[in-house]
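Quick look at structure-v5.txt (compact mmCIF, C-alpha atoms):
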```txt
# COMPACT_ATOMS: atom_id res chain seq x y z
CA MET A 1 20.64 46.46 -148.22
CA THR A 2 18.41 49.29 -149.43
CA PHE A 3 19.83 52.77 -149.97
CA LYS A 4 17.62 53.99 -147.15
CA GLU A 5 19.18 51.50 -144.74
CA LYS A 6 22.66 52.54 -145.89
CA SER A 7 21.61 56.16 -145.33
CA ALA A 8 20.46 55.32 -141.80
CA TRP A 9 23.85 53.70 -141.08
CA ILE A 10 25.72 56.73 -142.44
CA MET A 11 23.65 59.18 -140.42
CA SER A 12 23.91 57.05 -137.26
CA VAL A 13 27.70 57.11 -137.46
CA ALA A 14 27.68 60.85 -138.25
CA LEU A 15 25.43 61.55 -135.26
CA VAL A 16 27.52 59.41 -132.89
CA LEU A 17 30.70 61.21 -134.00
CA ALA A 18 29.20 64.72 -133.92
CA GLY A 19 27.13 64.16 -130.77
CA GLY A 20 30.10 62.50 -129.07
CA PHE A 21 32.36 65.41 -130.01
CA TYR A 22 29.89 67.99 -128.68
CA ALA A 23 29.26 66.04 -125.46
CA TRP A 24 33.01 65.68 -124.92
CA SER A 25 33.56 69.45 -125.48
CA VAL A 26 30.83 70.30 -122.94
CA VAL A 27 32.17 67.80 -120.36
CA VAL A 28 35.69 69.27 -120.68
CA LEU A 29 34.34 72.82 -120.18
CA TRP A 30 32.22 71.55 -117.26
CA GLN A 31 35.26 70.03 -115.54
CA VAL A 32 37.33 73.21 -116.04
CA ALA A 33 34.59 75.62 -114.88
CA GLY A 34 33.12 73.39 -112.18
CA VAL A 35 29.58 74.48 -113.21
CA VAL A 36 27.34 73.68 -116.15
CA PRO A 37 28.96 75.65 -119.00
CA PRO A 38 26.99 77.95 -121.32
CA PRO A 39 26.17 76.71 -124.85
CA ASN A 40 29.37 75.87 -126.70
CA VAL A 41 28.55 77.55 -130.00
CA LEU A 42 31.91 76.73 -131.58
CA GLY A 43 31.57 73.06 -130.53
CA LEU A 44 28.06 72.96 -131.91
CA ALA A 45 29.19 74.50 -135.22
CA ILE A 46 31.96 71.90 -135.53
CA ALA A 47 29.45 69.12 -134.74
CA VAL A 48 27.11 70.39 -137.48
CA ILE A 49 30.01 70.53 -139.96
CA ILE A 50 30.94 66.92 -139.04
CA ILE A 51 27.36 65.79 -139.71
CA ILE A 52 27.10 67.65 -143.03
CA ALA A 53 30.51 66.48 -144.28
CA PHE A 54 29.88 62.87 -143.23
CA ALA A 55 26.38 62.89 -144.75
CA ILE A 56 27.54 64.28 -148.11
CA PHE A 57 30.59 62.01 -148.37
CA GLY A 58 28.79 58.91 -147.09
CA HIS A 59 25.75 59.31 -149.33
CA ALA A 60 27.93 60.07 -152.37
CA VAL A 61 29.93 56.87 -151.81
CA ALA A 62 26.76 54.83 -151.21
CA ALA A 63 25.10 56.25 -154.33
CA LEU A 64 28.18 55.59 -156.48
CA GLY A 65 28.19 52.00 -155.25
CA ASN A 66 24.65 51.41 -156.50
CA PRO A 67 23.23 54.36 -158.50
CA MET A 68 20.01 52.53 -159.48
CA ASP A 69 19.18 51.75 -155.86
CA ALA A 70 19.87 55.36 -154.85
CA ASP A 71 17.47 56.63 -157.53
CA ALA A 72 14.69 54.16 -156.68
CA PRO A 73 11.57 55.84 -155.29
CA GLU A 74 10.25 54.89 -151.85
CA ASP A 75 7.95 51.89 -151.86
CA GLU A 76 5.27 50.82 -149.35
CA ARG A 77 7.76 49.03 -147.08
CA ASP A 78 10.10 52.04 -146.99
CA ARG A 79 7.20 54.31 -146.04
CA LEU A 80 6.09 51.96 -143.26
CA VAL A 81 9.64 51.68 -141.86
CA VAL A 82 10.11 55.47 -141.95
CA TRP A 83 6.73 56.05 -140.32
CA ARG A 84 7.26 53.56 -137.50
CA ALA A 85 10.83 54.64 -136.76
CA GLY A 86 9.81 58.32 -136.90
CA ASN A 87 6.89 57.70 -134.57
CA LEU A 88 9.06 56.07 -131.90
CA GLY A 89 11.82 58.65 -132.46
CA GLY A 90 9.22 61.36 -131.77
CA LEU A 91 8.29 59.68 -128.50
CA VAL A 92 11.96 59.63 -127.46
CA LEU A 93 12.25 63.34 -128.34
CA GLY A 94 9.15 64.15 -126.30
CA ALA A 95 10.28 62.17 -123.24
CA LEU A 96 13.81 63.59 -123.22
CA SER A 97 12.58 67.15 -123.87
CA MET A 98 10.14 66.87 -120.97
CA SER A 99 12.96 65.62 -118.77
CA GLY A 100 15.05 68.70 -119.71
CA LEU A 101 12.11 71.03 -119.09
CA PHE A 102 11.47 69.49 -115.65
CA HIS A 103 15.12 70.02 -114.77
CA PHE A 104 14.73 73.67 -115.76
CA ALA A 105 11.47 74.01 -113.82
CA PHE A 106 13.09 72.79 -110.60
CA LEU A 107 16.71 73.92 -111.01
CA GLY A 108 16.22 77.03 -113.19
CA ASN A 109 19.48 76.36 -115.03
CA GLY A 110 19.15 77.59 -118.63
CA ASN A 111 22.54 76.17 -119.64
CA LEU A 112 21.50 72.72 -118.48
CA LEU A 113 18.24 73.12 -120.40
CA PHE A 114 20.16 73.95 -123.59
CA HIS A 115 22.43 70.91 -123.27
CA SER A 116 19.46 68.68 -122.37
CA LEU A 117 17.56 69.74 -125.48
CA ILE A 118 20.61 69.24 -127.73
CA ALA A 119 20.98 65.76 -126.22
CA ALA A 120 17.26 65.11 -126.72
CA LEU A 121 17.44 66.11 -130.39
CA THR A 122 20.57 64.04 -131.02
CA LEU A 123 19.42 60.92 -129.16
CA SER A 124 15.91 60.94 -130.64
CA GLN A 125 17.32 61.25 -134.16
CA LEU A 126 19.81 58.48 -133.40
CA ALA A 127 16.96 56.33 -132.07
CA GLU A 128 15.06 56.94 -135.31
CA TYR A 129 18.01 55.81 -137.44
CA VAL A 130 18.69 52.76 -135.26
CA LEU A 131 15.02 51.78 -135.41
CA THR A 132 15.03 52.25 -139.19
CA ILE A 133 17.93 49.78 -139.44
CA TRP A 134 16.20 47.43 -136.99
CA TYR A 135 12.95 47.40 -138.99
CA TYR A 136 14.75 46.83 -142.28
CA ARG A 137 16.76 43.95 -140.77
CA ARG A 138 14.18 42.28 -138.52
CA GLY A 139 11.03 43.00 -140.45
CA VAL A 140 8.18 45.44 -140.13
CA MET B 141 8.67 44.80 -131.64
CA ALA B 142 9.09 43.76 -135.30
CA LYS B 143 7.16 40.53 -134.73
CA ARG B 144 7.20 38.25 -137.74
CA PRO B 145 3.77 38.40 -139.45
CA PRO B 146 1.84 35.08 -139.30
CA ILE B 147 1.42 35.07 -143.07
CA THR B 148 3.15 32.51 -145.26
CA ASN B 149 3.71 32.84 -148.98
CA ARG B 150 4.82 30.88 -152.01
CA VAL B 151 6.32 33.79 -153.92
CA ARG B 152 9.72 32.13 -154.37
CA ASP B 153 8.15 28.85 -155.64
CA LEU B 154 5.86 30.71 -158.02
CA ARG B 155 8.75 32.81 -159.28
CA GLU B 156 10.79 29.73 -160.01
CA ALA B 157 7.80 28.02 -161.64
CA LYS B 158 7.45 31.03 -163.92
CA GLY B 159 10.75 30.37 -165.70
CA HIS B 160 12.99 31.46 -162.83
CA MET B 161 11.63 34.98 -162.88
CA SER B 162 14.10 37.24 -161.10
CA GLN B 163 13.29 39.17 -157.93
CA SER B 164 14.08 42.41 -159.79
CA ALA B 165 11.63 41.57 -162.59
CA LEU B 166 8.87 40.78 -160.09
CA ALA B 167 9.66 43.93 -158.11
CA LYS B 168 9.37 46.01 -161.28
CA GLU B 169 5.99 44.47 -162.13
CA ILE B 170 4.63 45.09 -158.63
CA GLY B 171 6.11 48.56 -158.21
CA VAL B 172 8.29 47.84 -155.17
CA THR B 173 12.04 47.48 -154.63
CA ARG B 174 13.90 44.18 -154.98
CA GLN B 175 14.65 44.34 -151.26
CA THR B 176 10.93 44.35 -150.53
CA ILE B 177 10.45 41.18 -152.61
CA ILE B 178 13.32 39.60 -150.64
CA ALA B 179 11.67 40.67 -147.35
CA ILE B 180 8.32 39.20 -148.49
CA GLU B 181 9.95 35.89 -149.47
CA GLN B 182 11.74 35.72 -146.12
CA GLY B 183 8.46 36.38 -144.30
CA LYS B 184 9.78 39.64 -142.82
CA TYR B 185 7.17 41.81 -144.49
CA SER B 186 3.51 41.33 -145.37
CA PRO B 187 2.67 43.31 -148.49
CA SER B 188 -0.31 45.63 -148.74
CA LEU B 189 -3.51 44.17 -150.13
CA GLU B 190 -2.89 45.98 -153.42
CA SER B 191 0.61 44.55 -153.79
CA ALA B 192 -0.65 41.09 -152.79
CA PHE B 193 -3.22 41.24 -155.61
CA ARG B 194 -0.56 42.48 -158.02
CA ILE B 195 1.71 39.55 -157.12
CA ALA B 196 -1.12 37.05 -157.59
CA ARG B 197 -2.02 38.61 -160.96
CA VAL B 198 1.59 38.43 -162.18
CA PHE B 199 1.52 34.67 -161.59
CA GLY B 200 -2.04 34.29 -162.86
CA VAL B 201 -3.27 32.64 -159.67
CA GLY B 202 -5.62 33.51 -156.84
CA LEU B 203 -4.60 35.38 -153.72
CA GLU B 204 -4.89 32.24 -151.57
CA ASP B 205 -2.59 30.36 -153.92
CA VAL B 206 0.15 32.85 -153.03
CA PHE B 207 -0.55 33.75 -149.40
CA GLY B 208 -1.69 31.67 -146.46
CA TRP B 209 -2.12 31.90 -142.71
CA GLU B 210 0.54 30.19 -140.59
CA GLY B 211 -0.75 26.85 -139.30
CA ASP B 212 -3.57 26.52 -141.84
```

Render the structure in this file as C-alpha cells.
Amino acid sequence: MTFKEKSAWIMSVALVLAGGFYAWSVVVLWQVAGVVPPPNVLGLAIAVIIIIAFAIFGHAVAALGNPMDADAPEDERDRLVVWRAGNLGGLVLGALSMSGLFHFAFLGNGNLLFHSLIAALTLSQLAEYVLTIWYYRRGV
Amino acid sequence: MAKRPPITNRVRDLREAKGHMSQSALAKEIGVTRQTIIAIEQGKYSPSLESAFRIARVFGVGLEDVFGWEGD
C-alpha cells in the first residue's frame, strides 16, 4: 500500500469521525430547538481539532512504519489517481453546493444553507479520499 | 469506472529473466514507486509512453517485446 493510499484511509476515518460528530451535534440542537439551528461554531471547532489531531497522529504512525515510502516523491500513477479522484470530488462538491443553494433560493433559510455547505465540503472531500483508495486498489 | 486496461505485459517474466531483478530496483531505474511496478505487473495500470520505453530499455528489448494488446 502506498503512503498516499494510507493517507487517504487516515483522512477518510478522520472525516467520518469529525463530520459524524458535527452532524450529530447539529441534529441534537435541531431536535431541542425544533427548527434548523444556527451554525454550531463550537461543534465545528471540535470537528476541526479532531481532523487535525487524527491527521497528525495517523500520518506520523504511517510514516514511522515506512519512512522511505513516506519520503518517496509522487510518480505518474499517483498524479493520475489524485487528478481523477479530485476531478470527481469536485463534481460532488458542485452538485451538493448547488443543492444547498437551491434550498436557500426557495426556502431562504441561511442556517440550512450553512449546514448544507458544510455537508457538501465534507462529503466531497470524503468522496475524493474514497475514490483515491478505489483507484489505487482497482486500477486507474 | 477503473476498467482494466486492455494492455498485457511481460514485465515480471523479463525481470526474472534478468537475474531476478527486484521490483524496487526496476522502480528505481524507471523513476516510479515499487507499488506502480506491482500495479503494472498486475495489469491494473498502463504506464506512460515514456515509462514504457524506459522499461523496455532496462531489459534491452523493444517496446512490443514488453507490452502487447489483449487478444493479439

Identify every residue of chain B that has at least one atom within 12 Å of any atom of chain A, counting all atoms listed in the file, and report the result as a ChimeraX atom specification. /B:141-145,164,167-168,170-192

Expressed in Å to a single decimal, how great is the separation between CA of Met161 in chain B and CA of Leu203 in chain B?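 Between these atoms lies a distance of 18.6 Å.
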
Which polymer residues, protein or nucleic acid, are no farther than 10 Å from (27.6, 77.4, -121.5), counting only C-alpha atoms, as number ranges by chain? A: 26, 29-30, 33, 35-41, 110-112, 114-115

Excluding Thr148 in chain B and residues on its chain fewer than 3 positions from it, collect all residues at most 6 Å away from it, counting all atoms listed in the file, and give them as a VMD selection string. chain B and resid 207 to 210

Suppose we keep C-alpha atoms; can you now write the selection as a PDB file, in the coordinates of the input?
```
ATOM      1  CA  PHE B 207      -0.550  33.750-149.400  1.00  0.00           C
ATOM      2  CA  GLY B 208      -1.690  31.670-146.460  1.00  0.00           C
ATOM      3  CA  TRP B 209      -2.120  31.900-142.710  1.00  0.00           C
ATOM      4  CA  GLU B 210       0.540  30.190-140.590  1.00  0.00           C
TER       5      GLU B 210
END
```

Which residues are close to Ala157 in chain B, i.e. within 12 Å by only C-alpha atoms, leaving aside same-chain residues fewer than 5 positions away? Reply as a CSV table (one decimal) with C-alpha atoms, keeping the file's coordinate frame.
```csv
chain,number,residue,atom,x,y,z
B,150,ARG,CA,4.8,30.9,-152.0
B,151,VAL,CA,6.3,33.8,-153.9
B,152,ARG,CA,9.7,32.1,-154.4
B,162,SER,CA,14.1,37.2,-161.1
B,199,PHE,CA,1.5,34.7,-161.6
B,200,GLY,CA,-2.0,34.3,-162.9
```

Atom pair CA of Gln31 in chain A / CA of Phe102 in chain A: separation (Å):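 Those two atoms sit 23.8 Å apart.
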
Using only C-alpha atoms, pick whichever of A:Thr132, A:Leu64, A:Val16, A:Ser97 has the shortest atom-to-atom distance to Leu80 in chain A.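 Comparing A:Thr132, A:Leu64, A:Val16, A:Ser97 against Leu80 in chain A, the winner is A:Thr132.
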
How far is it from CA of Leu101 in chain A to CA of Gly89 in chain A, in Å with one decimal?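 These atoms are spaced 18.2 Å apart.
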
Hey, which of A:Val61, A:Met98, A:Ala120, A:Val82 ends up closest to Ala8 in chain A? Count all atoms listed in the file. A:Val82
